[in-house]
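The structure under discussion appears below in the form of structure tokens.
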Amino acid sequence: MNPWETLREECLQCTNCSLHTTRKQVVFGMGNPKAEVLFVGEGPGANEDEQGLPFVGRSGKLLDVYLESIQLSREKNIFIANIVKCRPPQNRDPLPEEREACLPWLRAQFKQMKPKIVVCLGRVAAQVMIRPDFAITKEHGQWTQKNNIWFMATLHPAALLRNPNNKPMAFEDYATLRDKIEEVCEHTYTNPL
């Protein structure tokens, strides 16, 4: 078994926090493990818990529309993961101890992937990945570089479904992402692995 599959198998058995007692499935993530672009959400919802895949409900369909608009595909040239791999009850924000227990899995994915760009989907992911006081409505679409990796946050697709007036702002974020991919990525557009 290759290192990625080994990591996946270990993650699927995780009992590091209490979320494992209420989950149906661990949501390891999906996409190309050699992708240069990593999308990170906060955690699985009900549909994701049922299917074991990230962003598969209504918000996932909306995410796919934005991805397709800039020639990205969850099957080919990106990877999608979450801060926590198990669904928090009633889709509440993951608790600090749940995030801390789960972050080693994301760090291990990160270490194997070596992404050039990380896109945080929503406030929780941005506050964990970029900085604790990140203000998603004011700072979405802005780039931050840490350890030679570019980070940007955009509005969570579920938030866009609740407030469709923000969809044009999110579209601008994806246009900014396309430009950054063209600037720093070697094979995301030209020759997906």
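For the structure tokens, the naming scheme is as follows: chains receive sequential letters (A, B, ...) according to their order of presentation, residues are indexed from 1 within each chain, and ligands are indexed from 1 in presentation order.
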Worksheet item: Could you pull the residues within 9 Å of range 22-34 of chain A, counting only C-alpha atoms, minus those fewer than 4 positions along the same chain, as number ranges by chain?
Response: A: 4, 8, 11-14, 18, 43-44, 48-54, 73-82, 84-89, 105-106, 109, 112-115, 192-193
Please, could you write that set of residues out with N, CA and C atoms as a compact mmCIF listing (two decimals), in the first residue's frame?
# COMPACT_ATOMS: atom_id res chain seq x y z
N TRP A 4 -0.10 7.28 0.86
CA TRP A 4 -1.38 7.98 0.88
C TRP A 4 -2.50 7.02 1.31
N ARG A 8 -4.86 7.08 4.63
CA ARG A 8 -6.32 7.03 4.51
C ARG A 8 -6.90 5.91 5.39
N CYS A 11 -6.69 6.86 9.03
CA CYS A 11 -7.65 7.92 9.34
C CYS A 11 -9.07 7.35 9.48
N LEU A 12 -9.43 6.41 8.63
CA LEU A 12 -10.78 5.85 8.66
C LEU A 12 -11.07 5.10 9.96
N GLN A 13 -10.01 4.75 10.72
CA GLN A 13 -10.18 4.05 11.99
C GLN A 13 -10.09 4.99 13.20
N CYS A 14 -9.99 6.29 12.96
CA CYS A 14 -9.69 7.25 14.03
C CYS A 14 -10.74 7.27 15.14
N SER A 18 -14.41 12.66 20.51
CA SER A 18 -15.75 12.09 20.72
C SER A 18 -16.60 12.08 19.45
N GLY A 43 -15.88 20.94 8.16
CA GLY A 43 -16.21 19.57 8.56
C GLY A 43 -17.38 19.05 7.76
N PRO A 44 -17.59 17.74 7.80
CA PRO A 44 -18.68 17.13 7.05
C PRO A 44 -20.05 17.51 7.59
N GLU A 48 -22.44 14.41 3.69
CA GLU A 48 -21.06 13.96 3.66
C GLU A 48 -20.87 12.77 4.61
N ASP A 49 -21.50 12.84 5.76
CA ASP A 49 -21.44 11.75 6.74
C ASP A 49 -22.05 10.47 6.16
N GLU A 50 -23.11 10.62 5.40
CA GLU A 50 -23.77 9.47 4.76
C GLU A 50 -22.88 8.84 3.69
N GLN A 51 -22.27 9.69 2.85
CA GLN A 51 -21.54 9.19 1.67
C GLN A 51 -20.05 9.02 1.89
N GLY A 52 -19.51 9.64 2.94
CA GLY A 52 -18.07 9.54 3.18
C GLY A 52 -17.24 10.40 2.26
N LEU A 53 -17.87 11.41 1.64
CA LEU A 53 -17.18 12.31 0.71
C LEU A 53 -17.47 13.75 1.09
N PRO A 54 -16.52 14.67 0.84
CA PRO A 54 -16.74 16.07 1.19
C PRO A 54 -17.59 16.81 0.16
N SER A 73 -11.47 20.55 -11.20
CA SER A 73 -12.32 19.38 -11.03
C SER A 73 -11.87 18.60 -9.81
N ARG A 74 -12.81 18.26 -8.95
CA ARG A 74 -12.46 17.50 -7.74
C ARG A 74 -11.93 16.12 -8.09
N GLU A 75 -12.19 15.61 -9.28
CA GLU A 75 -11.66 14.31 -9.68
C GLU A 75 -10.26 14.40 -10.28
N LYS A 76 -9.90 15.55 -10.85
CA LYS A 76 -8.66 15.61 -11.64
C LYS A 76 -7.54 16.45 -11.03
N ASN A 77 -7.82 17.71 -10.70
CA ASN A 77 -6.68 18.60 -10.43
C ASN A 77 -6.73 19.38 -9.12
N ILE A 78 -7.58 18.95 -8.18
CA ILE A 78 -7.57 19.53 -6.83
C ILE A 78 -7.80 18.40 -5.82
N PHE A 79 -7.63 18.72 -4.55
CA PHE A 79 -8.03 17.81 -3.48
C PHE A 79 -8.88 18.63 -2.50
N ILE A 80 -9.94 18.02 -1.96
CA ILE A 80 -10.81 18.68 -1.00
C ILE A 80 -10.78 17.90 0.32
N ALA A 81 -10.49 18.60 1.41
CA ALA A 81 -10.46 17.99 2.74
C ALA A 81 -11.20 18.91 3.71
N ASN A 82 -11.20 18.53 4.98
CA ASN A 82 -11.83 19.35 6.02
C ASN A 82 -10.94 19.43 7.25
N VAL A 84 -12.02 18.96 10.36
CA VAL A 84 -12.35 17.72 11.06
C VAL A 84 -12.93 16.73 10.06
N LYS A 85 -12.66 15.46 10.30
CA LYS A 85 -13.05 14.41 9.35
C LYS A 85 -14.39 13.75 9.70
N CYS A 86 -14.95 14.09 10.84
CA CYS A 86 -16.24 13.52 11.25
C CYS A 86 -17.24 14.65 11.48
N ARG A 87 -18.51 14.36 11.24
CA ARG A 87 -19.55 15.38 11.35
C ARG A 87 -19.80 15.78 12.80
N PRO A 88 -19.70 17.08 13.10
CA PRO A 88 -20.15 17.55 14.42
C PRO A 88 -21.68 17.46 14.48
N PRO A 89 -22.24 17.05 15.63
CA PRO A 89 -23.70 16.94 15.75
C PRO A 89 -24.40 18.25 15.39
N TRP A 105 -4.30 14.71 11.07
CA TRP A 105 -4.66 14.05 9.81
C TRP A 105 -4.50 15.02 8.64
N LEU A 106 -5.00 16.24 8.81
CA LEU A 106 -4.87 17.24 7.74
C LEU A 106 -3.40 17.59 7.51
N GLN A 109 -1.88 14.87 5.46
CA GLN A 109 -2.29 15.01 4.06
C GLN A 109 -1.48 16.11 3.40
N GLN A 112 2.15 15.14 2.66
CA GLN A 112 2.30 14.27 1.49
C GLN A 112 1.98 14.99 0.19
N MET A 113 0.98 15.85 0.21
CA MET A 113 0.58 16.55 -1.01
C MET A 113 1.57 17.63 -1.43
N LYS A 114 2.05 18.39 -0.44
CA LYS A 114 2.87 19.58 -0.70
C LYS A 114 2.17 20.57 -1.65
N PRO A 115 0.96 21.04 -1.26
CA PRO A 115 0.24 21.97 -2.14
C PRO A 115 0.96 23.31 -2.26
N PRO A 192 -2.77 17.96 -15.75
CA PRO A 192 -3.17 17.36 -14.48
C PRO A 192 -2.71 15.92 -14.38
N LEU A 193 -2.26 15.55 -13.18
CA LEU A 193 -1.74 14.19 -12.97
C LEU A 193 -2.87 13.18 -12.90
Item to complete: Please give the complete set of residues from range 60-145 of chain A that DSSP, run on the backbone, assigns to alpha helix (DSSP H), formatted as number ranges by chain.
Response: A: 60-69, 96-113, 123-129, 136-139
Worksheet entry | Spatial neighbours of Phe134 in chain A, max dist 12 Å, only C-alpha atoms, sep filter under 2 positions, as a PyMOL selection string | chain A and resi 120+122-132+136-140+142+144+152-154
Fill in: Nearest to Val37 in chain A, chosen from A:Ile70, A:Leu177, A:Ile117, A:Ile149, with only C-alpha atoms counted in the distances
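Going through A:Ile70, A:Leu177, A:Ile117, A:Ile149 one by one, the smallest distance to Val37 in chain A is for A:Ile117.
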Name the residues of range 63-170 of chain A that come out as strand (DSSP E) in a backbone DSSP run; write them as a compact mmCIF listing (two decimals) with all heavy atoms, in the first residue's frame.
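Just written: states.txt:
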# COMPACT_ATOMS: atom_id res chain seq x y z
N PHE A 79 -7.63 18.72 -4.55
CA PHE A 79 -8.03 17.81 -3.48
C PHE A 79 -8.88 18.63 -2.50
O PHE A 79 -8.58 19.81 -2.25
CB PHE A 79 -6.83 17.20 -2.75
CG PHE A 79 -7.21 16.04 -1.87
CD1 PHE A 79 -7.34 14.77 -2.40
CD2 PHE A 79 -7.49 16.23 -0.52
CE1 PHE A 79 -7.72 13.69 -1.61
CE2 PHE A 79 -7.87 15.17 0.29
CZ PHE A 79 -7.98 13.89 -0.26
N ILE A 80 -9.94 18.02 -1.96
CA ILE A 80 -10.81 18.68 -1.00
C ILE A 80 -10.78 17.90 0.32
O ILE A 80 -11.00 16.68 0.32
CB ILE A 80 -12.27 18.76 -1.49
CG1 ILE A 80 -12.35 19.46 -2.85
CG2 ILE A 80 -13.14 19.50 -0.47
CD1 ILE A 80 -13.74 19.45 -3.47
N ALA A 81 -10.49 18.60 1.41
CA ALA A 81 -10.46 17.99 2.74
C ALA A 81 -11.20 18.91 3.71
O ALA A 81 -11.73 19.95 3.31
CB ALA A 81 -9.02 17.77 3.19
N ASN A 82 -11.20 18.53 4.98
CA ASN A 82 -11.83 19.35 6.02
C ASN A 82 -10.94 19.43 7.25
O ASN A 82 -10.05 18.59 7.43
CB ASN A 82 -13.18 18.72 6.45
CG ASN A 82 -14.29 19.00 5.46
OD1 ASN A 82 -14.60 20.15 5.17
ND2 ASN A 82 -14.90 17.95 4.94
N ILE A 117 -1.06 25.97 -3.18
CA ILE A 117 -2.17 26.87 -2.86
C ILE A 117 -3.14 26.14 -1.95
O ILE A 117 -3.48 24.98 -2.18
CB ILE A 117 -2.91 27.33 -4.14
CG1 ILE A 117 -1.99 28.19 -5.01
CG2 ILE A 117 -4.19 28.09 -3.79
CD1 ILE A 117 -2.59 28.56 -6.35
N VAL A 118 -3.62 26.84 -0.90
CA VAL A 118 -4.66 26.32 -0.03
C VAL A 118 -5.82 27.31 -0.06
O VAL A 118 -5.62 28.51 0.19
CB VAL A 118 -4.16 26.13 1.42
CG1 VAL A 118 -5.31 25.70 2.33
CG2 VAL A 118 -3.02 25.12 1.46
N VAL A 119 -7.01 26.82 -0.37
CA VAL A 119 -8.22 27.64 -0.37
C VAL A 119 -9.09 27.20 0.81
O VAL A 119 -9.53 26.05 0.87
CB VAL A 119 -9.00 27.49 -1.69
CG1 VAL A 119 -10.27 28.35 -1.66
CG2 VAL A 119 -8.13 27.84 -2.89
N CYS A 120 -9.30 28.12 1.73
CA CYS A 120 -10.13 27.84 2.90
C CYS A 120 -11.58 28.18 2.56
O CYS A 120 -11.87 29.29 2.13
CB CYS A 120 -9.68 28.68 4.09
SG CYS A 120 -7.97 28.36 4.58
N LEU A 121 -12.45 27.20 2.74
CA LEU A 121 -13.87 27.39 2.45
C LEU A 121 -14.58 27.77 3.75
O LEU A 121 -14.91 26.92 4.56
CB LEU A 121 -14.47 26.12 1.86
CG LEU A 121 -13.90 25.72 0.49
CD1 LEU A 121 -14.28 24.30 0.13
CD2 LEU A 121 -14.37 26.70 -0.58
N THR A 144 -2.40 35.34 1.41
CA THR A 144 -1.40 35.35 2.47
C THR A 144 -0.41 34.24 2.15
O THR A 144 -0.82 33.12 1.81
CB THR A 144 -2.05 35.04 3.85
OG1 THR A 144 -3.04 36.02 4.11
CG2 THR A 144 -1.02 35.04 4.95
N GLN A 145 0.87 34.54 2.25
CA GLN A 145 1.87 33.49 2.00
C GLN A 145 2.52 33.08 3.32
O GLN A 145 2.94 33.92 4.12
CB GLN A 145 2.94 34.00 1.02
CG GLN A 145 3.81 32.87 0.49
CD GLN A 145 4.79 33.35 -0.57
OE1 GLN A 145 5.19 34.51 -0.60
NE2 GLN A 145 5.17 32.45 -1.46
N LYS A 146 2.54 31.75 3.55
CA LYS A 146 3.18 31.18 4.73
C LYS A 146 4.01 29.98 4.28
O LYS A 146 3.48 29.09 3.61
CB LYS A 146 2.14 30.72 5.76
CG LYS A 146 1.26 31.84 6.27
CD LYS A 146 0.40 31.52 7.47
CE LYS A 146 -0.32 30.23 7.50
NZ LYS A 146 -1.26 30.10 8.63
N ILE A 149 3.75 28.83 0.73
CA ILE A 149 2.45 28.34 0.28
C ILE A 149 1.47 29.50 0.33
O ILE A 149 1.45 30.27 1.29
CB ILE A 149 1.96 27.18 1.18
CG1 ILE A 149 2.95 26.02 1.11
CG2 ILE A 149 0.56 26.72 0.78
CD1 ILE A 149 2.80 25.02 2.21
N TRP A 150 0.68 29.62 -0.72
CA TRP A 150 -0.30 30.71 -0.79
C TRP A 150 -1.63 30.26 -0.20
O TRP A 150 -2.14 29.19 -0.55
CB TRP A 150 -0.49 31.13 -2.25
CG TRP A 150 0.70 31.86 -2.77
CD1 TRP A 150 1.73 31.35 -3.52
CD2 TRP A 150 1.00 33.25 -2.58
NE1 TRP A 150 2.65 32.34 -3.79
CE2 TRP A 150 2.22 33.50 -3.24
CE3 TRP A 150 0.35 34.29 -1.92
CZ2 TRP A 150 2.80 34.77 -3.24
CZ3 TRP A 150 0.93 35.54 -1.93
CH2 TRP A 150 2.14 35.77 -2.59
N PHE A 151 -2.19 31.07 0.70
CA PHE A 151 -3.48 30.80 1.33
C PHE A 151 -4.47 31.89 0.97
O PHE A 151 -4.13 33.08 0.96
CB PHE A 151 -3.33 30.79 2.86
CG PHE A 151 -2.58 29.61 3.40
CD1 PHE A 151 -1.20 29.57 3.37
CD2 PHE A 151 -3.27 28.53 3.95
CE1 PHE A 151 -0.51 28.48 3.89
CE2 PHE A 151 -2.59 27.44 4.46
CZ PHE A 151 -1.20 27.41 4.43
N MET A 152 -5.71 31.47 0.70
CA MET A 152 -6.81 32.40 0.46
C MET A 152 -8.07 31.77 1.05
O MET A 152 -8.19 30.56 1.07
CB MET A 152 -7.02 32.63 -1.04
CG MET A 152 -8.19 33.56 -1.32
SD MET A 152 -8.71 33.61 -3.05
CE MET A 152 -9.66 32.11 -3.17
N ALA A 153 -8.96 32.60 1.51
CA ALA A 153 -10.26 32.11 1.97
C ALA A 153 -11.35 32.68 1.08
O ALA A 153 -11.23 33.79 0.56
CB ALA A 153 -10.50 32.51 3.42
N THR A 154 -12.40 31.91 0.92
CA THR A 154 -13.58 32.38 0.22
C THR A 154 -14.80 31.98 1.05
O THR A 154 -14.70 31.18 1.98
CB THR A 154 -13.66 31.81 -1.22
OG1 THR A 154 -14.73 32.45 -1.92
CG2 THR A 154 -13.87 30.30 -1.22
Discussion item. Could you list, as a ChimeraX atom specification, every residue within 10 Å of Leu63 in chain A, counting only C-alpha atoms and ignoring same-chain residues fewer than 4 positions away?
Written reply: /A:55-59,67-69,74,121,156-158,160
